[in-house]
Amino acid sequence: MKQTSIGKAFPAVVLATALGTVLAGGPAVAAEPDKDKCFGVALKGKNDCAAGPGTTCAGTSKVDYQGNAWRLVPKGTCEKTASPTSPTGFGRLAAFKEKKA
Amino acid sequence: MNHSTRDATLLPPRAGIGLKGQHVRDLLASAGLPAFVEVHAENYMGAGGPSHRALDAVRERVPLSVHGVGLSIGASEGIDALHLGRLARLLERFEPAAFSEHLAWSTHRGTFLNDLLPIPYDAASLHRVCAHIDRVQSVLKRRMLLENPSTYVEFAGSTMGEADFIAEVISRTGCGLLLDVNNAFVSCVNHGRDPVAYVESLPLHAVGEIHLAGFAEDRDSAGDRLLIDSHGSPVTHAVWSLYRHALSLTGPIATLIEWDNDVPDFARLMDEARTADEVAEACCVPARQAA
Amino acid sequence: MLRPRKAGGMNPGTRQAECHDALAGFAVALLDAARPVPHDLRTWNGSDARQRFAVYRNNVVVSLVDALDAAFPVTAQLVGEEFFRAMAREFVAGHPPASPMLFEYGADFADFIEGFAPAAAVPYLGDVARVEYALTQSTHAADAPVIDPAGFRALLAEPERLASLRFRLHPALGVVRCRYAAASIWAAHHGAGHLEAIDWTAAEDVLVTRPHMEAALRILPPGGAEFMLALGRRLPLAEALDIALSNAPGFDPQSGFGVLVNAGAVTEVIVEETTA
């Protein structure tokens, strides 16, 4: 019973054509230019930190800054992202919060 | 059990460096190589990937030392069997010339604290540490080197000196000593002791490796020096002197330059290693004459 | 050798129990600066043990915050170092690592961020952290062969079997379903695209794989996440395609194959021996 619905959408010939097109380097990616982006190869060498953190057997001379996280405001590259509710369109993330509230 | 433990290490008696991911390419392309490299065990306990591949390539060129920071040998609870198993697989995989861990604890009730914490030097600790090292050596089927710690406080309940404690552990378990000269200096300054006397009272016959590093300096509330084992700067003059003295008693020993914070470039690390080699060459007392 | 303990406010007990307590008290006071430092510490010169104990507290907190900083670099750039470190500090205090393998640390950092009120102004921050965590896990995942284009080409010899194929996905593969445009934001921090141009409100399904020993991201087309997750459950290709299609009517088998072939996603093709 179940078999009748499974695999109906794409007959073997469609699957073979799709795979063949991909293998021929066809427009697999181009077909969905904004939805199948790959980041990695183009970024080679920029990804070294992906190994993540390591252990330490040393102490630190850096002093823990005990700032009150609850009073801080994010101040980084997020200020460059567009805000749909901002008059300028940029950097007013607080406005988003207001909209949600 | 109190036999020679020099075979706890197969490292050459020259200077090596701590391997940092950012130096792998430089090292593989370099004509001049360190005598060995050391890595932290825990950073290679993933299932695979580029860090394993890099270590494979490096160990084809230079001998490898694996240095654990997570076994928590001084902990009041038992050795984590899961972690010990991971360590055993790692050592099987990379067959290092030496394996070392710390006289310290870093895990407590399932929480990893990422620092090497002090233990009281008393009979209970001695019993526990020896039992843990026995277990480690029997599971890993090799002798380990135990590193003397850098400490900032002492326990009121300690009944033994640190050097006596270490000597007793080494005598009971047959493990070797990783003499961290910087730790020795840091701890002695922090606790008002004479670093030379401390080093001389260690079981120097068991030294299989030496660590050198830089420290940072602070003051305690009494205005005395409080040194932080920060591994973030060159080896200091005082530590070079203590190293020279230690080598005059032990002969040349595999010596690691540890530089883990504000890591310099590969060439600078190699310079520091070269200095260690020069100090060793200038020490003419043959090996194995330590008392 | 065993001296009676000096009066210090601790209940009398066996030496073993006291030692256990010494380390337990030490551990608890390390992560909670509001706790008093252990009472059984001594200093050679009578200096304040609290100040010296603070060195350990500082080492623990700073090293773990540093670990998060290293593992979540884009998350940190988005909110700035000061904010990130303060936020990470809160996380460290409540969620210290359970394992000495620090590359595993922060599995619940994204969830924490999403519940951290001061970060609410950056709604996509948690998703970006989720993507970064997935990249680190992919980096450390097991090695396995990848079915290359030639391997897929061989499958074309028997097109009637394609529908029933099952795939063992690569151990370094992960699917991250984001409510916001986390992969685009991540990529913009790595020289691909501009932050200003990103509609961060657009949801993204992200595929993480490790072609050529380097973890990489790919934004999946609609239905792609369902497709990959279905294959991950070892459903046959036709069934996975159906699932994708029912979630995204425009889903195209070519996109599905594109991911399987080009992303290094498959480590083994399982061919059914008995097909009609």
# chains A, B, ... in the order shown; residues from 1 in each chain; ligands from 1

$ interface_residues --of "chain C" --to "chain A" --cutoff "6 Å" --atoms "only C-alpha atoms" --output "ChimeraX atom specification"
/C:58-59,62,67,70-71,77-80,83,86-87,102-103,118,121,136,159-160,195-196,216-221,238-239,254-255,257-258

$ select_by_dssp --residues "range 60-194 of chain C" --states "alpha helix (DSSP H)" --output "PyMOL selection string"
chain C and resi 60-71+73-79+81-94+109-114+125-140+149-155+182-188

$ residues_around --residues "range 153-161 of chain B" --least-positions-apart "2" --cutoff "6 Å" --atoms "only C-alpha atoms" --output "number ranges by chain"
B: 120-122, 151, 163-164; C: 40-42

$ write_last_selection --atoms "C-alpha atoms" --output "PDB file, in the first residue's frame"
ATOM      1  CA  PRO B 120      47.306  18.958  50.223  1.00  0.00           C
ATOM      2  CA  TYR B 121      50.548  17.045  50.763  1.00  0.00           C
ATOM      3  CA  ASP B 122      49.474  14.493  53.328  1.00  0.00           C
ATOM      4  CA  THR B 151      51.012  26.771  43.089  1.00  0.00           C
ATOM      5  CA  ALA B 163      59.670  17.533  47.042  1.00  0.00           C
ATOM      6  CA  ASP B 164      59.346  14.776  49.666  1.00  0.00           C
TER       7      ASP B 164
ATOM      8  CA  ASP C  40      42.252  25.637  55.085  1.00  0.00           C
ATOM      9  CA  LEU C  41      44.697  27.591  52.944  1.00  0.00           C
ATOM     10  CA  ARG C  42      47.924  29.018  54.239  1.00  0.00           C
TER      11      ARG C  42
END

$ interface_residues --of "chain B" --to "chain C" --cutoff "7 Å" --atoms "only C-alpha atoms" --output "JSON list (two decimals) with C-alpha atoms, in the first residue's frame"
[["chain", "number", "residue", "atom", "x", "y", "z"],
["B", 42, "GLU", "CA", 42.92, 16.41, 25.21],
["B", 43, "ASN", "CA", 43.21, 18.55, 22.09],
["B", 45, "MET", "CA", 40.90, 13.34, 21.48],
["B", 46, "GLY", "CA", 38.46, 14.11, 18.72],
["B", 47, "ALA", "CA", 37.54, 11.24, 16.43],
["B", 48, "GLY", "CA", 39.62, 12.51, 13.51],
["B", 49, "GLY", "CA", 39.95, 15.45, 11.17],
["B", 50, "PRO", "CA", 42.66, 17.94, 10.28],
["B", 70, "GLY", "CA", 42.70, 16.40, 32.10],
["B", 76, "SER", "CA", 39.65, 13.20, 45.48],
["B", 108, "HIS", "CA", 35.71, 17.68, 40.22],
["B", 110, "GLY", "CA", 32.08, 15.89, 36.48],
["B", 111, "THR", "CA", 33.15, 19.50, 36.06],
["B", 112, "PHE", "CA", 36.34, 20.30, 34.19],
["B", 113, "LEU", "CA", 37.92, 23.45, 35.60],
["B", 114, "ASN", "CA", 40.66, 23.93, 32.97],
["B", 115, "ASP", "CA", 43.29, 24.82, 35.54],
["B", 124, "ALA", "CA", 45.70, 10.56, 52.23],
["B", 152, "TYR", "CA", 49.72, 30.00, 44.59],
["B", 153, "VAL", "CA", 48.42, 28.73, 47.92],
["B", 154, "GLU", "CA", 49.29, 25.89, 50.25],
["B", 155, "PHE", "CA", 47.01, 23.79, 52.43],
["B", 156, "ALA", "CA", 47.21, 24.20, 56.18],
["B", 157, "GLY", "CA", 46.72, 20.45, 56.43],
["B", 159, "THR", "CA", 52.18, 17.34, 56.48],
["B", 191, "HIS", "CA", 55.99, 30.17, 49.14],
["B", 192, "GLY", "CA", 59.20, 31.81, 50.30],
["B", 220, "ASP", "CA", 50.59, 39.54, 47.18],
["B", 221, "SER", "CA", 48.88, 41.54, 49.93],
["B", 222, "ALA", "CA", 52.10, 41.54, 51.97]]

$ closest_atom_pairs --of "chain B" --to "chain A" --cutoff "8 Å" --atoms "only C-alpha atoms" --output "CSV"
residue,atom,partner,partner_atom,distance
B:His40,CA,A:Thr55,CA,7.1
B:Glu42,CA,A:Thr55,CA,7.0
B:Asn43,CA,A:Gly54,CA,5.7
B:Ser51,CA,A:Ala51,CA,7.4
B:Val69,CA,A:Cys57,CA,6.4
B:Asn114,CA,A:Thr55,CA,6.7
B:Asp115,CA,A:Cys57,CA,6.6
B:Leu116,CA,A:Cys57,CA,6.6
B:Ala216,CA,A:Ser61,CA,6.1
B:Ile228,CA,A:Gly59,CA,6.2
B:Asp229,CA,A:Gly59,CA,5.2
B:Ser230,CA,A:Gly59,CA,4.6
B:His231,CA,A:Ala58,CA,5.8
B:Asp260,CA,A:Ala58,CA,7.1
B:Asn261,CA,A:Thr60,CA,7.7

$ write_last_selection --atoms "all heavy atoms" --output "compact mmCIF listing (two decimals), in the first residue's frame"
# COMPACT_ATOMS: atom_id res chain seq x y z
N HIS B 40 49.05 18.71 23.89
CA HIS B 40 48.14 18.34 24.96
C HIS B 40 47.25 17.21 24.48
O HIS B 40 46.62 17.32 23.43
CB HIS B 40 47.28 19.53 25.38
CG HIS B 40 48.04 20.55 26.16
ND1 HIS B 40 47.47 21.68 26.67
CD2 HIS B 40 49.34 20.58 26.53
CE1 HIS B 40 48.40 22.38 27.32
NE2 HIS B 40 49.53 21.74 27.24
N GLU B 42 44.35 16.16 25.34
CA GLU B 42 42.92 16.41 25.21
C GLU B 42 42.56 17.10 23.89
O GLU B 42 41.44 16.96 23.41
CB GLU B 42 42.43 17.26 26.39
CG GLU B 42 42.31 16.48 27.70
CD GLU B 42 43.65 16.07 28.31
OE1 GLU B 42 44.70 16.63 27.90
OE2 GLU B 42 43.66 15.18 29.17
N ASN B 43 43.52 17.84 23.34
CA ASN B 43 43.21 18.55 22.09
C ASN B 43 43.21 17.63 20.87
O ASN B 43 42.84 18.05 19.78
CB ASN B 43 44.20 19.70 21.89
CG ASN B 43 44.09 20.73 22.99
OD1 ASN B 43 43.05 20.82 23.64
ND2 ASN B 43 45.14 21.48 23.22
N SER B 51 43.30 18.01 12.66
CA SER B 51 44.33 18.04 13.72
C SER B 51 45.05 16.69 13.78
O SER B 51 46.26 16.64 13.99
CB SER B 51 43.70 18.40 15.07
OG SER B 51 42.68 17.50 15.41
N VAL B 69 46.38 17.11 30.39
CA VAL B 69 46.00 18.13 31.38
C VAL B 69 44.66 17.79 32.04
O VAL B 69 44.21 18.50 32.91
CB VAL B 69 45.89 19.54 30.75
CG1 VAL B 69 47.20 19.97 30.16
CG2 VAL B 69 44.80 19.58 29.71
N ASN B 114 39.66 23.37 33.90
CA ASN B 114 40.66 23.93 32.97
C ASN B 114 41.77 24.70 33.68
O ASN B 114 42.28 25.68 33.17
CB ASN B 114 40.00 24.82 31.91
CG ASN B 114 40.88 24.98 30.67
OD1 ASN B 114 41.66 24.09 30.35
ND2 ASN B 114 40.80 26.10 30.01
N ASP B 115 42.12 24.27 34.88
CA ASP B 115 43.29 24.82 35.54
C ASP B 115 43.89 23.67 36.35
O ASP B 115 43.20 22.70 36.66
CB ASP B 115 42.91 26.00 36.45
CG ASP B 115 44.13 26.81 36.89
OD1 ASP B 115 45.17 26.76 36.18
OD2 ASP B 115 44.05 27.48 37.93
N LEU B 116 45.17 23.80 36.65
CA LEU B 116 45.85 22.75 37.41
C LEU B 116 45.88 23.17 38.87
O LEU B 116 46.57 24.12 39.23
CB LEU B 116 47.25 22.53 36.84
CG LEU B 116 47.18 22.05 35.37
CD1 LEU B 116 48.50 22.26 34.67
CD2 LEU B 116 46.74 20.60 35.31
N ALA B 216 54.44 35.49 34.70
CA ALA B 216 54.05 36.88 34.90
C ALA B 216 54.23 37.20 36.38
O ALA B 216 54.28 36.29 37.21
CB ALA B 216 52.60 37.10 34.48
N ILE B 228 52.95 34.22 38.47
CA ILE B 228 51.89 33.47 37.78
C ILE B 228 52.53 32.70 36.63
O ILE B 228 53.21 33.28 35.78
CB ILE B 228 50.80 34.42 37.20
CG1 ILE B 228 50.36 35.47 38.23
CG2 ILE B 228 49.63 33.62 36.67
CD1 ILE B 228 49.64 34.94 39.42
N ASP B 229 52.27 31.41 36.62
CA ASP B 229 52.85 30.52 35.60
C ASP B 229 52.10 30.70 34.29
O ASP B 229 51.32 29.85 33.88
CB ASP B 229 52.71 29.08 36.13
CG ASP B 229 53.22 28.05 35.14
OD1 ASP B 229 54.22 28.34 34.46
OD2 ASP B 229 52.61 26.97 35.05
N SER B 230 52.39 31.80 33.60
CA SER B 230 51.51 32.20 32.49
C SER B 230 51.93 31.69 31.11
O SER B 230 51.14 31.76 30.18
CB SER B 230 51.40 33.72 32.45
OG SER B 230 52.70 34.27 32.30
N HIS B 231 53.15 31.19 30.97
CA HIS B 231 53.61 30.67 29.66
C HIS B 231 53.36 31.69 28.55
O HIS B 231 53.01 31.30 27.43
CB HIS B 231 52.88 29.37 29.28
CG HIS B 231 53.11 28.25 30.23
ND1 HIS B 231 52.70 26.96 29.96
CD2 HIS B 231 53.70 28.20 31.45
CE1 HIS B 231 53.03 26.17 30.98
NE2 HIS B 231 53.63 26.89 31.89
N ASP B 260 52.28 29.30 25.69
CA ASP B 260 50.88 29.01 25.39
C ASP B 260 49.99 30.25 25.30
O ASP B 260 48.88 30.17 24.78
CB ASP B 260 50.30 28.06 26.45
CG ASP B 260 51.06 26.75 26.49
OD1 ASP B 260 50.98 26.02 25.49
OD2 ASP B 260 51.74 26.46 27.49
N ASN B 261 50.44 31.37 25.85
CA ASN B 261 49.68 32.62 25.72
C ASN B 261 50.56 33.62 24.98
O ASN B 261 51.79 33.59 25.12
CB ASN B 261 49.33 33.18 27.11
CG ASN B 261 48.27 32.32 27.80
OD1 ASN B 261 47.22 32.03 27.24
ND2 ASN B 261 48.57 31.86 29.01

$ residues_around --residues "Arg177 in chain C" --least-positions-apart "2" --cutoff "12 Å" --atoms "only C-alpha atoms" --output "ChimeraX atom specification"
/C:126-128,130-131,134,174-175,179-183,202-208,218-226,228-229
